[in-house]
Structures are given as C-alpha cells and as structure tokens.
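Single-structure report; data block below.
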Amino acid sequence: MTLTLHRISRRLGLALLASAALLGAERAALAQDAKPAQAAAPAKDFKDERALALLRGMSDTLAGAKTLSFKVRGIVPAPSPTGQFVSLLASSRVVMQRPDKLFVEARGDLFPSDSFYDGKSVTVVTADRKFYAQRDAAGGAIEALMQGLQPGSDATAPFLDLLVADPYAFLTKDLASAFWVGRTAIGGVRTEHLAFTAPGLDWEVWIGTADKLPRLMVVSYRSGERQPTFTVELSEWKLNAPIPAKTFSAAIPPGAAKLEFKQMGPAK
C-alpha cells in the first residue's frame, strides 16, 4: 500500500491524474455553457462517508491488534526485455508484533527471501541461504522499514502500509475521492468493496463485513513511465495470537555472502 499507497510504486514493487483532471475541466466548462445554473462537484472531490467509515473500521481493527499474522498472494507486473510488462506471482507469510517486530517469508517469482526486523536491525536472507543483507534500523517502529534502504522491496511492499501505527491516516493522506462500490464474497468471506483515488493513483480494497479485515487490494498507478496494476489477496488472518520470540531472530547462514541493501528514496 513506501504503503502511503501513493508510495508503493517505488517498492512493489501501496503523481497526478493530469489527463483526467483536464478532461474534467473541459467537461465542466461544456456543462456550464449548456446549463449555466448549477454545476456538479468534480468526481475527484467526492468522498463517501460510508467508505471512509468502513476504512476507519478496518484501520482500527489492525491498529488495535498487538500481534498480527496473515498470508499474501499477489500478481505484480514487471518489465521484460521487450518492454512488455509480464505478470509475476508472489506469496508471503507475514508475522508482526507491535511496536517493532516483523517477519516476512517471501516466496514466488519476486526475491524469495526471509526478512527479520527486531526493532534494532533488518536482516534479509535469500531462500537458498546463499546470500544475506543486514543493516541497523532507524526509529525502532515498523515505519522504519519504509525509510531508506530495503532489498527485494517489490516482494514486501504490498502490506506494509497496513501495519503502521495509524493505517487510516497513512492511507488517506492526499486522498482525492472515496466511494462504496458494493458487497461481494472473496474466498467465502462477505466483503465491502471500496474505491479510492489519490494523486496519480487509483486503489481498491475489499474489507470483511464481519471481521473488518482487508481481503483484497488492487492498486493502479496513473502517471510516470510505467502504469502497472498490483493485485494482492490477504488471507488466514490471526490477531492477538502468541508468537515465539525466535520468530523475529535472524541467523546468518554459514558461508553466506553479504549483499548491500539497494538504495531507495526517502519516504516523504
């Protein structure tokens, strides 16, 4: 969703919709010529209070849990040598303990690895245990993972925005529009389908009607050189379950070669 969602693009891998804004302006001008009376508010400024309340409920549920674990499956577009975007499959198991513990087991086509964050350092070990990267962590909280350096960021980004101390504030920063789409079932779970826009970004989330947990997210970028859409399904949620301390402790494999964390731009 760094996950505010408008900064997922630099890691998932969760800008302006300039053309849409211009089209909206032209249509508004035409409408004024035809009906000089009352002009409707631009769609980009529409914020459905029902959608915002449901998003708030999801955020409060996540923020109120001392521990979280869930699984993630996603389809991530990646540029090929021909310039075409190809779809890569990614899956992760995520375990978090507030305020400063995180474990991510990432598998699939995107940087298969195990990531450990213990509040003091970030360690990433490749799935084949031949390479690792490690650095001191600044800040101590989960938000520190969204700052500066992070290897294999495309594999871990989709869910980080959901794990911050205040997901609602994080997800709604620079929000341009919000509306409730309807209800549907995902994996047998009844969900509320919400849609949002922010500068350069359209995103949707399906939230469990009963448990208020995110079940599906779709993020589409509308600016810059690439305009991919990321789809992430979240399942097997467990809240406030006990987690062994060793879950967040990394062991460097004997003989593993050390890699450098790739440089990421600072979160804004």
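Order determines the names: the first chain of the structure tokens is A, the second B, and so forth; residues in each chain are numbered 1 upward, and ligands are numbered 1 upward as they are shown.
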Report as a tab-separated table (two decimals) with N, CA, C and O atoms, in the first residue's frame all protein, DNA and RNA residues lying within 9 Å of Phe196 (chain A), evaluated on only C-alpha atoms, omitting residues in the same chain fewer than 5 positions from it.
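Just written: result36.tsv:
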```tsv
chain	number	residue	atom	x	y	z
A	47	LYS	N	-16.20	12.29	-1.66
A	47	LYS	CA	-15.72	11.45	-0.56
A	47	LYS	C	-16.94	10.91	0.20
A	47	LYS	O	-17.59	11.63	0.94
A	51	ALA	N	-17.76	4.94	2.88
A	51	ALA	CA	-16.48	4.31	2.53
A	51	ALA	C	-15.41	4.67	3.54
A	51	ALA	O	-14.62	3.81	3.97
A	172	THR	N	-5.12	7.62	3.92
A	172	THR	CA	-5.97	8.72	3.45
A	172	THR	C	-5.20	10.01	3.22
A	172	THR	O	-5.80	11.02	2.84
A	175	LEU	N	-5.77	11.96	-0.08
A	175	LEU	CA	-6.92	11.28	-0.69
A	175	LEU	C	-7.73	12.28	-1.51
A	175	LEU	O	-8.06	13.36	-1.05
A	176	ALA	N	-8.08	11.88	-2.75
A	176	ALA	CA	-8.85	12.76	-3.62
A	176	ALA	C	-10.32	12.36	-3.67
A	176	ALA	O	-11.20	13.21	-3.79
A	177	SER	N	-10.61	11.05	-3.63
A	177	SER	CA	-12.00	10.60	-3.68
A	177	SER	C	-12.14	9.27	-2.97
A	177	SER	O	-11.16	8.54	-2.78
A	178	ALA	N	-13.37	8.96	-2.57
A	178	ALA	CA	-13.66	7.70	-1.88
A	178	ALA	C	-15.11	7.35	-2.12
A	178	ALA	O	-15.99	8.23	-2.05
A	179	PHE	N	-15.39	6.08	-2.43
A	179	PHE	CA	-16.79	5.67	-2.51
A	179	PHE	C	-16.95	4.18	-2.27
A	179	PHE	O	-16.02	3.39	-2.45
A	201	LEU	N	-2.93	7.88	-8.61
A	201	LEU	CA	-3.18	6.55	-8.08
A	201	LEU	C	-4.66	6.26	-7.94
A	201	LEU	O	-5.43	7.10	-7.47
A	202	ASP	N	-5.09	5.08	-8.39
A	202	ASP	CA	-6.41	4.54	-8.08
A	202	ASP	C	-6.18	3.29	-7.26
A	202	ASP	O	-5.30	2.48	-7.59
A	203	TRP	N	-6.94	3.10	-6.19
A	203	TRP	CA	-6.79	1.86	-5.43
A	203	TRP	C	-8.13	1.42	-4.85
A	203	TRP	O	-9.03	2.22	-4.62
A	204	GLU	N	-8.23	0.10	-4.70
A	204	GLU	CA	-9.45	-0.50	-4.18
A	204	GLU	C	-9.10	-1.47	-3.06
A	204	GLU	O	-8.02	-2.07	-3.06
A	205	VAL	N	-10.03	-1.64	-2.15
A	205	VAL	CA	-9.84	-2.61	-1.06
A	205	VAL	C	-11.18	-3.28	-0.78
A	205	VAL	O	-12.23	-2.64	-0.84
```
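Compared by their closest atoms to Leu194 (chain A), and using only C-alpha atoms, the residues A:Ser80, A:Val181, A:Asp128, A:Phe170 rank with A:Val181 nearest.
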Subject >> All residues 12 Å or closer to Pro244 (chain A), only C-alpha atoms, same chain fewer than 2 positions away omitted, as a list in words >> reply: Thr67, Val95, Met96, Gln97, Lys101, Phe103, Ala241, Pro242, Lys246, Thr247, Phe248 and Ser249 of chain A
Restricting it to N, CA and C atoms, dump the selection as a PDB file, in the first residue's frame.
```pdb
ATOM      1  N   THR A  67      -0.566  -8.395  18.038  1.00  0.00           N
ATOM      2  CA  THR A  67       0.141  -9.261  17.088  1.00  0.00           C
ATOM      3  C   THR A  67      -0.767  -9.514  15.891  1.00  0.00           C
ATOM      4  N   VAL A  95       4.276 -12.001   9.799  1.00  0.00           N
ATOM      5  CA  VAL A  95       4.036 -12.064  11.240  1.00  0.00           C
ATOM      6  C   VAL A  95       4.550 -10.766  11.858  1.00  0.00           C
ATOM      7  N   MET A  96       3.726 -10.102  12.646  1.00  0.00           N
ATOM      8  CA  MET A  96       4.119  -8.834  13.248  1.00  0.00           C
ATOM      9  C   MET A  96       3.754  -8.792  14.719  1.00  0.00           C
ATOM     10  N   GLN A  97       4.609  -8.169  15.489  1.00  0.00           N
ATOM     11  CA  GLN A  97       4.320  -7.895  16.899  1.00  0.00           C
ATOM     12  C   GLN A  97       4.633  -6.429  17.155  1.00  0.00           C
ATOM     13  N   LYS A 101       8.447  -5.489  15.759  1.00  0.00           N
ATOM     14  CA  LYS A 101       8.884  -6.823  15.358  1.00  0.00           C
ATOM     15  C   LYS A 101       8.134  -7.233  14.093  1.00  0.00           C
ATOM     16  N   PHE A 103       8.337 -10.294  10.727  1.00  0.00           N
ATOM     17  CA  PHE A 103       8.950 -11.374   9.958  1.00  0.00           C
ATOM     18  C   PHE A 103       8.158 -11.551   8.678  1.00  0.00           C
ATOM     19  N   ALA A 241      -2.659 -13.490  18.594  1.00  0.00           N
ATOM     20  CA  ALA A 241      -2.189 -14.836  18.947  1.00  0.00           C
ATOM     21  C   ALA A 241      -0.753 -14.742  19.462  1.00  0.00           C
ATOM     22  N   PRO A 242      -0.360 -15.593  20.442  1.00  0.00           N
ATOM     23  CA  PRO A 242       1.024 -15.562  20.930  1.00  0.00           C
ATOM     24  C   PRO A 242       2.012 -15.952  19.830  1.00  0.00           C
ATOM     25  N   LYS A 246      11.604 -16.222  18.939  1.00  0.00           N
ATOM     26  CA  LYS A 246      12.601 -16.610  17.936  1.00  0.00           C
ATOM     27  C   LYS A 246      12.132 -16.332  16.513  1.00  0.00           C
ATOM     28  N   THR A 247      10.834 -16.094  16.336  1.00  0.00           N
ATOM     29  CA  THR A 247      10.299 -15.800  15.005  1.00  0.00           C
ATOM     30  C   THR A 247      11.003 -14.608  14.377  1.00  0.00           C
ATOM     31  N   PHE A 248      11.402 -13.642  15.205  1.00  0.00           N
ATOM     32  CA  PHE A 248      11.960 -12.393  14.690  1.00  0.00           C
ATOM     33  C   PHE A 248      13.491 -12.350  14.757  1.00  0.00           C
ATOM     34  N   SER A 249      14.114 -13.465  15.139  1.00  0.00           N
ATOM     35  CA  SER A 249      15.578 -13.522  15.257  1.00  0.00           C
ATOM     36  C   SER A 249      16.182 -14.169  14.024  1.00  0.00           C
TER      37      SER A 249
END
```
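Nearest-residue note for Met58 (chain A): choosing from A:Glu233, A:Asp211, A:Asp161, A:Asp109, the minimum distance belongs to A:Asp211, counting only C-alpha atoms.
The space separating CA of Asp45 (chain A) from CA of Ser59 (chain A) comes to 22.2 Å.
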Original post:
Hey, what's within 10 Å of Pro254 (chain A) if we count only C-alpha atoms and toss same-chain stuff fewer than 4 positions away? As a list of chain:residue names, please?
Top reply: A:Arg129, A:Lys130, A:Phe131
**OP:** Show which residues sit within 9 Å of Leu88 (chain A), as number ranges by chain. Count only C-alpha atoms, and ignore same-chain residues fewer than 2 positions away.
**Re:** A: 74-78, 86, 90, 108-110
I need the residues from that last selection saved to file as a PDB file, in the first residue's frame (with all heavy atoms), if you can.
```pdb
ATOM      1  N   GLY A  74      -0.013 -12.389  -4.518  1.00  0.00           N
ATOM      2  CA  GLY A  74      -0.140 -11.232  -5.382  1.00  0.00           C
ATOM      3  C   GLY A  74       0.320 -11.480  -6.799  1.00  0.00           C
ATOM      4  O   GLY A  74       1.062 -12.416  -7.078  1.00  0.00           O
ATOM      5  N   ILE A  75      -0.159 -10.625  -7.693  1.00  0.00           N
ATOM      6  CA  ILE A  75       0.301 -10.585  -9.078  1.00  0.00           C
ATOM      7  C   ILE A  75       0.938  -9.215  -9.284  1.00  0.00           C
ATOM      8  O   ILE A  75       0.288  -8.183  -9.103  1.00  0.00           O
ATOM      9  CB  ILE A  75      -0.859 -10.790 -10.065  1.00  0.00           C
ATOM     10  CG1 ILE A  75      -1.496 -12.171  -9.851  1.00  0.00           C
ATOM     11  CG2 ILE A  75      -0.372 -10.643 -11.503  1.00  0.00           C
ATOM     12  CD1 ILE A  75      -2.701 -12.430 -10.735  1.00  0.00           C
ATOM     13  N   VAL A  76       2.222  -9.223  -9.642  1.00  0.00           N
ATOM     14  CA  VAL A  76       2.988  -7.988  -9.745  1.00  0.00           C
ATOM     15  C   VAL A  76       3.529  -7.852 -11.165  1.00  0.00           C
ATOM     16  O   VAL A  76       4.200  -8.761 -11.659  1.00  0.00           O
ATOM     17  CB  VAL A  76       4.159  -7.986  -8.744  1.00  0.00           C
ATOM     18  CG1 VAL A  76       4.933  -6.680  -8.832  1.00  0.00           C
ATOM     19  CG2 VAL A  76       3.640  -8.215  -7.324  1.00  0.00           C
ATOM     20  N   PRO A  77       3.267  -6.734 -11.861  1.00  0.00           N
ATOM     21  CA  PRO A  77       3.798  -6.550 -13.210  1.00  0.00           C
ATOM     22  C   PRO A  77       5.274  -6.178 -13.151  1.00  0.00           C
ATOM     23  O   PRO A  77       5.708  -5.402 -12.308  1.00  0.00           O
ATOM     24  CB  PRO A  77       2.953  -5.403 -13.763  1.00  0.00           C
ATOM     25  CG  PRO A  77       2.548  -4.629 -12.556  1.00  0.00           C
ATOM     26  CD  PRO A  77       2.422  -5.612 -11.436  1.00  0.00           C
ATOM     27  N   ALA A  78       6.058  -6.745 -14.058  1.00  0.00           N
ATOM     28  CA  ALA A  78       7.487  -6.431 -14.132  1.00  0.00           C
ATOM     29  C   ALA A  78       7.862  -6.235 -15.590  1.00  0.00           C
ATOM     30  O   ALA A  78       7.386  -6.970 -16.470  1.00  0.00           O
ATOM     31  CB  ALA A  78       8.312  -7.550 -13.513  1.00  0.00           C
ATOM     32  N   VAL A  86       5.246  -8.198 -17.817  1.00  0.00           N
ATOM     33  CA  VAL A  86       4.821  -9.579 -17.596  1.00  0.00           C
ATOM     34  C   VAL A  86       4.387  -9.717 -16.146  1.00  0.00           C
ATOM     35  O   VAL A  86       4.839  -8.981 -15.262  1.00  0.00           O
ATOM     36  CB  VAL A  86       5.956 -10.573 -17.915  1.00  0.00           C
ATOM     37  CG1 VAL A  86       6.307 -10.508 -19.383  1.00  0.00           C
ATOM     38  CG2 VAL A  86       7.193 -10.292 -17.065  1.00  0.00           C
ATOM     39  N   ALA A  90       3.717 -13.670  -6.565  1.00  0.00           N
ATOM     40  CA  ALA A  90       4.422 -13.524  -5.296  1.00  0.00           C
ATOM     41  C   ALA A  90       3.525 -14.019  -4.170  1.00  0.00           C
ATOM     42  O   ALA A  90       2.300 -13.873  -4.216  1.00  0.00           O
ATOM     43  CB  ALA A  90       4.805 -12.063  -5.063  1.00  0.00           C
ATOM     44  N   GLY A 108       7.795 -17.253  -4.290  1.00  0.00           N
ATOM     45  CA  GLY A 108       7.270 -16.940  -5.610  1.00  0.00           C
ATOM     46  C   GLY A 108       8.356 -16.389  -6.510  1.00  0.00           C
ATOM     47  O   GLY A 108       9.553 -16.650  -6.322  1.00  0.00           O
ATOM     48  N   ASP A 109       7.953 -15.581  -7.503  1.00  0.00           N
ATOM     49  CA  ASP A 109       8.871 -15.094  -8.519  1.00  0.00           C
ATOM     50  C   ASP A 109       9.680 -13.879  -8.091  1.00  0.00           C
ATOM     51  O   ASP A 109      10.648 -13.511  -8.750  1.00  0.00           O
ATOM     52  CB  ASP A 109       8.088 -14.719  -9.790  1.00  0.00           C
ATOM     53  CG  ASP A 109       7.314 -15.895 -10.364  1.00  0.00           C
ATOM     54  OD1 ASP A 109       7.787 -17.037 -10.222  1.00  0.00           O
ATOM     55  OD2 ASP A 109       6.236 -15.668 -10.951  1.00  0.00           O
ATOM     56  N   LEU A 110       9.289 -13.220  -7.007  1.00  0.00           N
ATOM     57  CA  LEU A 110       9.929 -11.972  -6.598  1.00  0.00           C
ATOM     58  C   LEU A 110      10.821 -12.171  -5.379  1.00  0.00           C
ATOM     59  O   LEU A 110      10.342 -12.360  -4.264  1.00  0.00           O
ATOM     60  CB  LEU A 110       8.862 -10.918  -6.269  1.00  0.00           C
ATOM     61  CG  LEU A 110       8.145 -10.295  -7.452  1.00  0.00           C
ATOM     62  CD1 LEU A 110       6.982  -9.450  -6.963  1.00  0.00           C
ATOM     63  CD2 LEU A 110       9.100  -9.428  -8.259  1.00  0.00           C
TER      64      LEU A 110
END
```
